[in-house]
file start21.tsv (TSV, C-alpha atoms)
chain	number	residue	atom	x	y	z
M	1	MET	CA	0.00	0.00	0.00
M	2	SER	CA	1.37	3.35	-0.95
M	3	THR	CA	0.08	6.84	-0.42
M	4	ASP	CA	1.60	8.34	-3.57
M	5	ILE	CA	-0.61	6.33	-5.91
M	6	ALA	CA	-3.46	8.33	-7.39
M	7	PRO	CA	-7.00	7.20	-6.65
M	8	ALA	CA	-8.54	5.19	-9.50
M	9	PRO	CA	-10.98	7.08	-11.70
M	10	VAL	CA	-14.64	6.13	-11.41
M	11	PRO	CA	-16.40	5.57	-14.74
M	12	LYS	CA	-19.12	8.07	-15.52
M	13	PHE	CA	-22.34	6.18	-16.02
M	14	ASP	CA	-24.32	9.44	-16.27
M	15	ASP	CA	-27.00	8.27	-13.89
M	16	ASP	CA	-27.61	11.57	-12.28
M	17	GLU	CA	-28.16	13.72	-15.27
M	18	GLU	CA	-31.22	13.02	-17.32
M	19	THR	CA	-29.65	13.07	-20.76
M	20	GLY	CA	-33.00	12.61	-22.44
M	21	ARG	CA	-31.32	10.85	-25.35
M	22	LYS	CA	-33.84	9.05	-27.54
M	23	LEU	CA	-33.47	6.84	-30.57
M	24	ALA	CA	-36.20	6.17	-33.12
M	25	ILE	CA	-35.72	3.30	-35.54
M	26	ILE	CA	-37.98	2.79	-38.53
M	27	CYS	CA	-37.88	-0.82	-39.70
M	28	SER	CA	-39.19	-1.01	-43.26
M	29	LYS	CA	-37.68	-4.28	-44.48
M	30	GLY	CA	-38.88	-7.83	-44.07
M	31	ASN	CA	-35.75	-9.72	-45.14
M	32	LEU	CA	-33.94	-11.68	-42.49
M	33	ASP	CA	-30.68	-9.83	-43.08
M	34	MET	CA	-32.33	-6.41	-42.95
M	35	ALA	CA	-34.21	-7.17	-39.73
M	36	TYR	CA	-31.05	-7.40	-37.69
M	37	PRO	CA	-29.43	-3.95	-38.00
M	38	GLY	CA	-32.40	-2.28	-36.29
M	39	LEU	CA	-32.63	-4.92	-33.60
M	40	VAL	CA	-28.91	-4.88	-32.82
M	41	LEU	CA	-28.81	-1.08	-32.63
M	42	ALA	CA	-31.97	-0.88	-30.55
M	43	ASN	CA	-30.53	-3.41	-28.12
M	44	ALA	CA	-27.21	-1.58	-27.93
M	45	ALA	CA	-28.88	1.78	-27.32
M	46	LEU	CA	-31.06	0.32	-24.55
M	47	GLY	CA	-27.94	-1.05	-22.90
M	48	GLU	CA	-26.59	2.48	-22.86
M	49	GLY	CA	-29.65	3.82	-21.12
M	50	VAL	CA	-31.13	5.40	-24.26
M	51	GLU	CA	-34.93	5.48	-24.71
M	52	VAL	CA	-35.72	3.49	-27.87
M	53	HIS	CA	-38.81	3.41	-30.10
M	54	LEU	CA	-39.10	1.04	-33.06
M	55	PHE	CA	-41.68	1.71	-35.76
M	56	PHE	CA	-42.50	-1.18	-38.07
M	57	THR	CA	-43.79	-0.23	-41.47
M	58	PHE	CA	-44.37	-1.82	-44.89
M	59	TRP	CA	-42.26	-4.96	-45.25
M	60	GLY	CA	-40.90	-4.37	-41.77
M	61	PHE	CA	-44.34	-5.46	-40.59
M	62	ASP	CA	-43.21	-9.05	-41.11
M	63	MET	CA	-40.89	-8.59	-38.13
M	64	ILE	CA	-43.87	-8.19	-35.78
M	65	THR	CA	-46.56	-10.25	-37.51
M	66	LYS	CA	-47.05	-13.42	-35.44
M	67	LYS	CA	-47.38	-15.66	-38.48
M	68	ARG	CA	-44.23	-14.39	-40.17
M	69	MET	CA	-41.80	-13.05	-37.59
M	70	GLY	CA	-40.15	-16.42	-37.01
M	71	ASN	CA	-39.91	-17.13	-40.70
M	72	LEU	CA	-38.12	-14.19	-42.33
M	73	LYS	CA	-36.01	-15.12	-45.33
M	74	PHE	CA	-32.72	-14.24	-46.88
M	75	THR	CA	-32.18	-14.39	-50.62
M	76	VAL	CA	-29.15	-14.26	-52.85
M	77	LEU	CA	-31.25	-12.65	-55.60
M	78	GLY	CA	-30.49	-9.00	-56.09
M	79	ASN	CA	-27.79	-9.13	-53.46
M	80	THR	CA	-24.42	-8.76	-55.13
M	81	ALA	CA	-22.68	-8.78	-51.75
M	82	THR	CA	-23.06	-12.56	-51.65
M	83	HIS	CA	-20.60	-12.69	-54.58
M	84	MET	CA	-22.53	-15.55	-56.14
M	85	PRO	CA	-23.74	-15.63	-59.75
M	86	GLN	CA	-27.26	-14.17	-59.69
M	87	GLY	CA	-28.57	-17.14	-61.69
M	88	VAL	CA	-27.79	-19.41	-58.76
M	89	GLY	CA	-30.18	-17.41	-56.59
M	90	GLY	CA	-33.06	-18.38	-58.84
M	91	ILE	CA	-32.60	-22.12	-58.46
M	92	PRO	CA	-35.57	-23.59	-56.56
M	93	GLY	CA	-34.78	-24.11	-52.92
M	94	MET	CA	-31.89	-21.66	-52.97
M	95	THR	CA	-33.60	-19.07	-50.76
M	96	THR	CA	-34.48	-21.74	-48.20
M	97	MET	CA	-30.90	-22.90	-48.16
M	98	ALA	CA	-29.44	-19.40	-47.93
M	99	THR	CA	-31.89	-18.58	-45.12
M	100	ALA	CA	-30.95	-21.69	-43.15
M	101	MET	CA	-27.28	-20.84	-43.56
M	102	MET	CA	-27.70	-17.28	-42.38
M	103	LYS	CA	-29.80	-18.36	-39.38
M	104	LYS	CA	-27.05	-20.77	-38.41
M	105	GLN	CA	-24.42	-18.05	-38.67
M	106	ILE	CA	-26.50	-15.64	-36.58
M	107	ALA	CA	-27.07	-18.27	-33.90
M	108	GLY	CA	-23.38	-19.10	-34.09
M	109	VAL	CA	-22.43	-15.67	-32.76
M	110	GLY	CA	-24.94	-15.99	-29.93
M	111	VAL	CA	-27.55	-13.64	-31.42
M	112	PRO	CA	-31.19	-14.65	-30.93
M	113	ASP	CA	-33.80	-15.15	-33.65
M	114	VAL	CA	-36.18	-12.28	-34.39
M	115	PRO	CA	-39.01	-13.11	-31.92
M	116	GLU	CA	-36.58	-13.71	-29.07
M	117	PHE	CA	-34.62	-10.58	-29.94
M	118	LEU	CA	-37.81	-8.51	-29.76
M	119	GLU	CA	-38.55	-10.09	-26.39
M	120	GLN	CA	-35.13	-9.01	-25.15
M	121	ILE	CA	-35.62	-5.48	-26.49
M	122	VAL	CA	-38.96	-5.18	-24.70
M	123	ALA	CA	-37.46	-6.58	-21.48
M	124	SER	CA	-34.77	-3.89	-21.76
M	125	GLY	CA	-37.45	-1.20	-21.92
M	126	GLY	CA	-37.75	-0.75	-25.70
M	127	HIS	CA	-41.06	0.35	-27.27
M	128	LEU	CA	-42.57	-1.33	-30.34
M	129	TRP	CA	-45.07	0.45	-32.59
M	130	ALA	CA	-46.91	-0.78	-35.67
M	131	CYS	CA	-47.72	1.42	-38.65
M	132	ARG	CA	-51.44	2.17	-39.16
M	133	MET	CA	-51.22	2.39	-42.95
M	134	SER	CA	-49.41	-0.96	-43.22
M	135	ALA	CA	-51.93	-2.62	-40.93
M	136	ASP	CA	-54.81	-1.30	-43.02
M	137	MET	CA	-53.18	-2.33	-46.31
M	138	MET	CA	-52.46	-5.83	-45.08
M	139	HIS	CA	-55.78	-6.16	-43.23
M	140	LEU	CA	-54.05	-6.92	-39.95
M	141	GLU	CA	-55.33	-6.18	-36.46
M	142	LYS	CA	-53.56	-5.83	-33.14
M	143	ASP	CA	-54.26	-9.53	-32.45
M	144	ASP	CA	-52.25	-10.54	-35.50
M	145	LEU	CA	-49.20	-8.77	-34.12
M	146	TYR	CA	-46.58	-9.69	-31.56
M	147	ASP	CA	-48.12	-9.21	-28.11
M	148	ALA	CA	-45.59	-6.64	-26.91
M	149	VAL	CA	-46.42	-4.22	-29.73
M	150	GLU	CA	-47.84	-1.27	-27.79
M	151	GLY	CA	-50.14	-0.03	-30.48
M	152	ILE	CA	-50.95	0.59	-34.10
M	153	ILE	CA	-50.26	4.26	-34.66
M	154	ASN	CA	-50.07	6.60	-37.61
M	155	ALA	CA	-46.95	8.36	-38.83
M	156	SER	CA	-47.83	11.64	-37.11
M	157	GLU	CA	-48.26	9.90	-33.78
M	158	PHE	CA	-44.85	8.29	-34.16
M	159	ILE	CA	-43.27	11.64	-34.97
M	160	GLU	CA	-44.95	13.08	-31.87
M	161	LYS	CA	-43.72	10.28	-29.64
M	162	THR	CA	-40.15	10.60	-30.83
M	163	GLU	CA	-39.77	14.34	-30.52
M	164	GLY	CA	-36.09	15.22	-30.22
M	165	ALA	CA	-34.98	11.67	-31.01
M	166	GLN	CA	-32.17	10.63	-33.29
M	167	LEU	CA	-33.66	8.68	-36.16
M	168	LEU	CA	-32.61	5.68	-38.18
M	169	PHE	CA	-34.45	4.47	-41.26
M	170	ILE	CA	-33.71	0.90	-42.19
D	1	MET	CA	-3.28	3.91	-16.51
D	2	PRO	CA	-1.35	1.28	-14.55
D	3	LEU	CA	-1.49	1.43	-10.76
D	4	ALA	CA	-4.14	3.29	-8.85
D	5	SER	CA	-5.61	3.09	-5.41
D	6	ILE	CA	-9.12	2.06	-4.47
D	7	ASP	CA	-10.03	2.10	-0.81
D	8	GLY	CA	-6.36	2.11	0.18
D	9	ARG	CA	-5.52	-0.81	-2.10
D	10	SER	CA	-3.17	-0.67	-5.07
D	11	VAL	CA	-4.74	-2.14	-8.19
D	12	HIS	CA	-4.30	-1.94	-11.96
D	13	VAL	CA	-7.04	-0.07	-13.80
D	14	ASP	CA	-7.63	1.28	-17.32
D	15	ASP	CA	-8.27	4.93	-18.22
D	16	GLU	CA	-11.90	4.73	-17.17
D	17	GLY	CA	-11.24	2.95	-13.87
D	18	PHE	CA	-12.12	-0.65	-14.84
D	19	LEU	CA	-9.82	-3.19	-13.18
D	20	THR	CA	-7.47	-4.90	-15.62
D	21	GLU	CA	-6.07	-7.74	-13.49
D	22	TYR	CA	-8.54	-10.54	-12.82
D	23	ASP	CA	-6.79	-11.63	-9.62
D	24	GLU	CA	-6.67	-8.23	-7.97
D	25	TRP	CA	-10.42	-8.37	-7.40
D	26	ASP	CA	-12.26	-9.74	-4.42
D	27	GLU	CA	-15.75	-9.28	-3.04
D	28	ASP	CA	-14.69	-6.62	-0.56
D	29	LEU	CA	-13.34	-4.56	-3.41
D	30	ALA	CA	-16.55	-5.19	-5.36
D	31	LYS	CA	-18.55	-3.61	-2.55
D	32	VAL	CA	-16.42	-0.47	-2.79
D	33	LEU	CA	-16.70	-0.39	-6.61
D	34	ALA	CA	-20.47	-0.82	-6.35
D	35	SER	CA	-20.86	1.96	-3.82
D	36	GLN	CA	-18.78	4.27	-6.01
D	37	ILE	CA	-21.37	3.98	-8.77
D	38	GLY	CA	-24.34	4.05	-6.43
D	39	VAL	CA	-25.21	0.33	-6.46
D	40	ASP	CA	-26.27	-1.19	-3.16
D	41	MET	CA	-25.31	-4.87	-3.34
D	42	THR	CA	-28.02	-7.43	-2.51
D	43	ASP	CA	-28.05	-11.22	-2.99
D	44	ASP	CA	-29.46	-10.72	-6.48
D	45	HIS	CA	-26.62	-8.37	-7.37
D	46	TRP	CA	-24.08	-10.87	-6.10
D	47	LYS	CA	-25.61	-13.65	-8.15
D	48	ALA	CA	-25.01	-11.63	-11.32
D	49	ILE	CA	-21.50	-10.53	-10.33
D	50	ARG	CA	-20.44	-14.06	-9.36
D	51	PHE	CA	-21.75	-15.37	-12.66
D	52	LEU	CA	-19.72	-12.76	-14.55
D	53	ARG	CA	-16.59	-13.73	-12.60
D	54	SER	CA	-16.89	-17.46	-13.16
D	55	ASP	CA	-17.98	-17.09	-16.78
D	56	PHE	CA	-14.99	-14.85	-17.51
D	57	LYS	CA	-12.64	-17.31	-15.87
D	58	GLU	CA	-13.99	-20.07	-18.08
D	59	HIS	CA	-14.31	-18.20	-21.38
D	60	GLY	CA	-11.99	-15.20	-21.10
D	61	GLU	CA	-14.73	-12.76	-22.07
D	62	THR	CA	-17.14	-10.60	-20.11
D	63	ALA	CA	-20.71	-11.87	-20.45
D	64	THR	CA	-23.19	-9.63	-22.27
D	65	ILE	CA	-26.66	-8.96	-20.84
D	66	ARG	CA	-28.04	-11.67	-23.07
D	67	ARG	CA	-25.52	-14.19	-21.82
D	68	VAL	CA	-26.23	-13.35	-18.18
D	69	ASP	CA	-29.90	-13.91	-19.01
D	70	VAL	CA	-29.66	-17.10	-21.07
D	71	VAL	CA	-26.69	-18.81	-19.39
D	72	GLY	CA	-26.66	-17.13	-15.97
D	73	GLY	CA	-30.42	-17.36	-15.51
D	74	ILE	CA	-31.04	-13.76	-14.44
D	75	SER	CA	-33.66	-12.09	-16.61
D	76	THR	CA	-32.88	-9.01	-18.67
D	77	LYS	CA	-35.66	-7.17	-16.87
D	78	ASP	CA	-34.08	-7.92	-13.50
D	79	LEU	CA	-30.66	-6.82	-14.72
D	80	PHE	CA	-32.05	-3.44	-15.73
D	81	ARG	CA	-33.69	-3.18	-12.30
D	82	LEU	CA	-30.53	-4.18	-10.40
D	83	PHE	CA	-28.06	-2.14	-12.44
D	84	PRO	CA	-30.19	0.66	-13.87
D	85	LYS	CA	-29.69	2.05	-17.37
D	86	LYS	CA	-26.33	0.46	-18.21
D	87	PRO	CA	-26.37	-3.05	-16.74
D	88	ALA	CA	-23.60	-4.56	-18.86
D	89	LYS	CA	-21.05	-1.86	-18.05
D	90	LYS	CA	-22.02	-1.54	-14.42
D	91	MET	CA	-21.79	-5.29	-13.85
D	92	ALA	CA	-18.41	-5.44	-15.57
D	93	TYR	CA	-17.11	-2.56	-13.47
D	94	ILE	CA	-18.22	-4.11	-10.17
D	95	ALA	CA	-16.93	-7.53	-11.22
D	96	GLY	CA	-13.51	-6.07	-12.03
D	97	LEU	CA	-13.74	-7.14	-15.67
D	98	PRO	CA	-13.41	-5.35	-19.02
D	99	LYS	CA	-16.57	-4.08	-20.72
D	100	PRO	CA	-18.23	-6.80	-22.84
D	101	ARG	CA	-16.93	-6.86	-26.41
D	102	GLY	CA	-19.90	-8.62	-28.02
D	103	CYS	CA	-22.64	-6.59	-29.74
D	104	VAL	CA	-25.57	-8.57	-28.33

call {"tool": "encode", "arguments": {"input": "start21.tsv", "output": "structure tokens"}}
result
Amino acid sequence: MSTDIAPAPVPKFDDDEETGRKLAIICSKGNLDMAYPGLVLANAALGEGVEVHLFFTFWGFDMITKKRMGNLKFTVLGNTATHMPQGVGGIPGMTTMATAMMKKQIAGVGVPDVPEFLEQIVASGGHLWACRMSADMMHLEKDDLYDAVEGIINASEFIEKTEGAQLLFI
Amino acid sequence: MPLASIDGRSVHVDDEGFLTEYDEWDEDLAKVLASQIGVDMTDDHWKAIRFLRSDFKEHGETATIRRVDVVGGISTKDLFRLFPKKPAKKMAYIAGLPKPRGCV
């Protein structure tokens, strides 16, 4: 023990000041690969004490529709980043195979599937909202949606709820 | 930052104050670390901290919130209640471990 050693710094967890930081994420895609960026960022922000609102719209509705949320797909078609000949993507069964592979890779890094990820986001205090226009177009009601979705709201209501928030459109 | 003192003890910490040597930590020190960030340790807190310690020893990485939930058996909701706002970082700090490196 020595007296000339400086006291260790204490990390600033910013508990005392109400930073009021908010993040709004608009999820507009229903592909498996495009579902994850929003979920990962929402989860990360919640872990940093940021208030998070997710708004599911258009194809993003698949992420919260009970019948589809566990069955999102990944396709090689139109995705040059797979570096596979596009013709291969059109072979019957290819999307199923590519989806299975991606799901395995996601699970391999310890990341949950979409329904479980949403459960974790809600448990961390995240808010889920469904888009009114998408619900009307697809003839879906609140009962068709994941239970933790807080409501079906219109775009103006979402803008109101996320006043001052940083916004991500995915 | 190499050596610094916490509660009269000399320990190695990083720039933010997280301990960098696994073996310099003990539960008495954890109590001091917890009080420094306003956490009042209860049995539930200890359960999480002890899981982080043993899991790190086994795998060499700090458990993420999800891992504490799925493997450690303490729900995410409880973790946010026990270590408000930033559970992963607060747990790592009290457990004398680096911040988790995983995204989820």

call {"tool": "residues_around", "arguments": {"input": "start21.tsv", "residues": "Ala98 in chain M", "least_positions_apart": "6", "cutoff": "8 Å", "atoms": "only C-alpha atoms", "output": "number ranges by chain"}}
result
M: 74-76

call {"tool": "residues_around", "arguments": {"input": "start21.tsv", "residues": "range 116-122 of chain M", "least_positions_apart": "5", "cutoff": "9 Å", "atoms": "all atoms listed in the file", "output": "MDAnalysis selection string"}}
result
(chainID M and resid 39:40 42:43 46 63:64 111 127:128 148) or (chainID D and resid 66 76:77)

call {"tool": "atom_distance", "arguments": {"input": "start21.tsv", "atom1": "CA of Phe18 in chain D", "atom2": "CA of Ala95 in chain D"}}
result
9.1 Å

call {"tool": "closest_residue", "arguments": {"input": "start21.tsv", "among": "D:Gly96, D:Gln36, D:Ile6, D:Asp69", "to": "Asp23 in chain D", "atoms": "all atoms listed in the file"}}
result
D:Gly96

call {"tool": "interface_residues", "arguments": {"input": "start21.tsv", "of": "chain D", "to": "chain M", "cutoff": "9 Å", "atoms": "only C-alpha atoms", "output": "ChimeraX atom specification"}}
result
/D:1,3-18,33,36-38,65-67,75-80,84-90,93,102-104

call {"tool": "write_last_selection", "arguments": {"input": "start21.tsv", "atoms": "C-alpha atoms", "output": "PDB file, in the coordinates of the input"}}
result
ATOM      1  CA  MET D   1      -3.280   3.910 -16.510  1.00  0.00           C
ATOM      2  CA  LEU D   3      -1.490   1.430 -10.760  1.00  0.00           C
ATOM      3  CA  ALA D   4      -4.140   3.290  -8.850  1.00  0.00           C
ATOM      4  CA  SER D   5      -5.610   3.090  -5.410  1.00  0.00           C
ATOM      5  CA  ILE D   6      -9.120   2.060  -4.470  1.00  0.00           C
ATOM      6  CA  ASP D   7     -10.030   2.100  -0.810  1.00  0.00           C
ATOM      7  CA  GLY D   8      -6.360   2.110   0.180  1.00  0.00           C
ATOM      8  CA  ARG D   9      -5.520  -0.810  -2.100  1.00  0.00           C
ATOM      9  CA  SER D  10      -3.170  -0.670  -5.070  1.00  0.00           C
ATOM     10  CA  VAL D  11      -4.740  -2.140  -8.190  1.00  0.00           C
ATOM     11  CA  HIS D  12      -4.300  -1.940 -11.960  1.00  0.00           C
ATOM     12  CA  VAL D  13      -7.040  -0.070 -13.800  1.00  0.00           C
ATOM     13  CA  ASP D  14      -7.630   1.280 -17.320  1.00  0.00           C
ATOM     14  CA  ASP D  15      -8.270   4.930 -18.220  1.00  0.00           C
ATOM     15  CA  GLU D  16     -11.900   4.730 -17.170  1.00  0.00           C
ATOM     16  CA  GLY D  17     -11.240   2.950 -13.870  1.00  0.00           C
ATOM     17  CA  PHE D  18     -12.120  -0.650 -14.840  1.00  0.00           C
ATOM     18  CA  LEU D  33     -16.700  -0.390  -6.610  1.00  0.00           C
ATOM     19  CA  GLN D  36     -18.780   4.270  -6.010  1.00  0.00           C
ATOM     20  CA  ILE D  37     -21.370   3.980  -8.770  1.00  0.00           C
ATOM     21  CA  GLY D  38     -24.340   4.050  -6.430  1.00  0.00           C
ATOM     22  CA  ILE D  65     -26.660  -8.960 -20.840  1.00  0.00           C
ATOM     23  CA  ARG D  66     -28.040 -11.670 -23.070  1.00  0.00           C
ATOM     24  CA  ARG D  67     -25.520 -14.190 -21.820  1.00  0.00           C
ATOM     25  CA  SER D  75     -33.660 -12.090 -16.610  1.00  0.00           C
ATOM     26  CA  THR D  76     -32.880  -9.010 -18.670  1.00  0.00           C
ATOM     27  CA  LYS D  77     -35.660  -7.170 -16.870  1.00  0.00           C
ATOM     28  CA  ASP D  78     -34.080  -7.920 -13.500  1.00  0.00           C
ATOM     29  CA  LEU D  79     -30.660  -6.820 -14.720  1.00  0.00           C
ATOM     30  CA  PHE D  80     -32.050  -3.440 -15.730  1.00  0.00           C
ATOM     31  CA  PRO D  84     -30.190   0.660 -13.870  1.00  0.00           C
ATOM     32  CA  LYS D  85     -29.690   2.050 -17.370  1.00  0.00           C
ATOM     33  CA  LYS D  86     -26.330   0.460 -18.210  1.00  0.00           C
ATOM     34  CA  PRO D  87     -26.370  -3.050 -16.740  1.00  0.00           C
ATOM     35  CA  ALA D  88     -23.600  -4.560 -18.860  1.00  0.00           C
ATOM     36  CA  LYS D  89     -21.050  -1.860 -18.050  1.00  0.00           C
ATOM     37  CA  LYS D  90     -22.020  -1.540 -14.420  1.00  0.00           C
ATOM     38  CA  TYR D  93     -17.110  -2.560 -13.470  1.00  0.00           C
ATOM     39  CA  GLY D 102     -19.900  -8.620 -28.020  1.00  0.00           C
ATOM     40  CA  CYS D 103     -22.640  -6.590 -29.740  1.00  0.00           C
ATOM     41  CA  VAL D 104     -25.570  -8.570 -28.330  1.00  0.00           C
TER      42      VAL D 104
END

call {"tool": "residues_around", "arguments": {"input": "start21.tsv", "residues": "Thr42 in chain D", "least_positions_apart": "6", "cutoff": "12 Å", "atoms": "only C-alpha atoms", "output": "list in words"}}
result
Lys31, Ala34, Ser35, Ala48, Ile49, Leu82 and Phe83 of chain D

call {"tool": "atom_distance", "arguments": {"input": "start21.tsv", "atom1": "CA of Asp113 in chain M", "atom2": "CA of Asp33 in chain M"}}
result
11.3 Å

call {"tool": "atom_distance", "arguments": {"input": "start21.tsv", "atom1": "CA of Asp144 in chain M", "atom2": "CA of Lys66 in chain M"}}
result
5.9 Å

call {"tool": "residues_around", "arguments": {"input": "start21.tsv", "residues": "Asp55 in chain D", "least_positions_apart": "6", "cutoff": "12 Å", "atoms": "only C-alpha atoms", "output": "MDAnalysis selection string"}}
result
chainID D and resid 48:49 61:64 67:68 71:72 92 95 97 100

call {"tool": "axis_aligned_box", "arguments": {"input": "start21.tsv", "around": "range 38-41 of chain M", "padding_each_side": "4 Å", "output": "JSON"}}
result
{"center_x": -30.7, "center_y": -3.0, "center_z": -34.5, "size_x": 11.8, "size_y": 11.8, "size_z": 11.7}
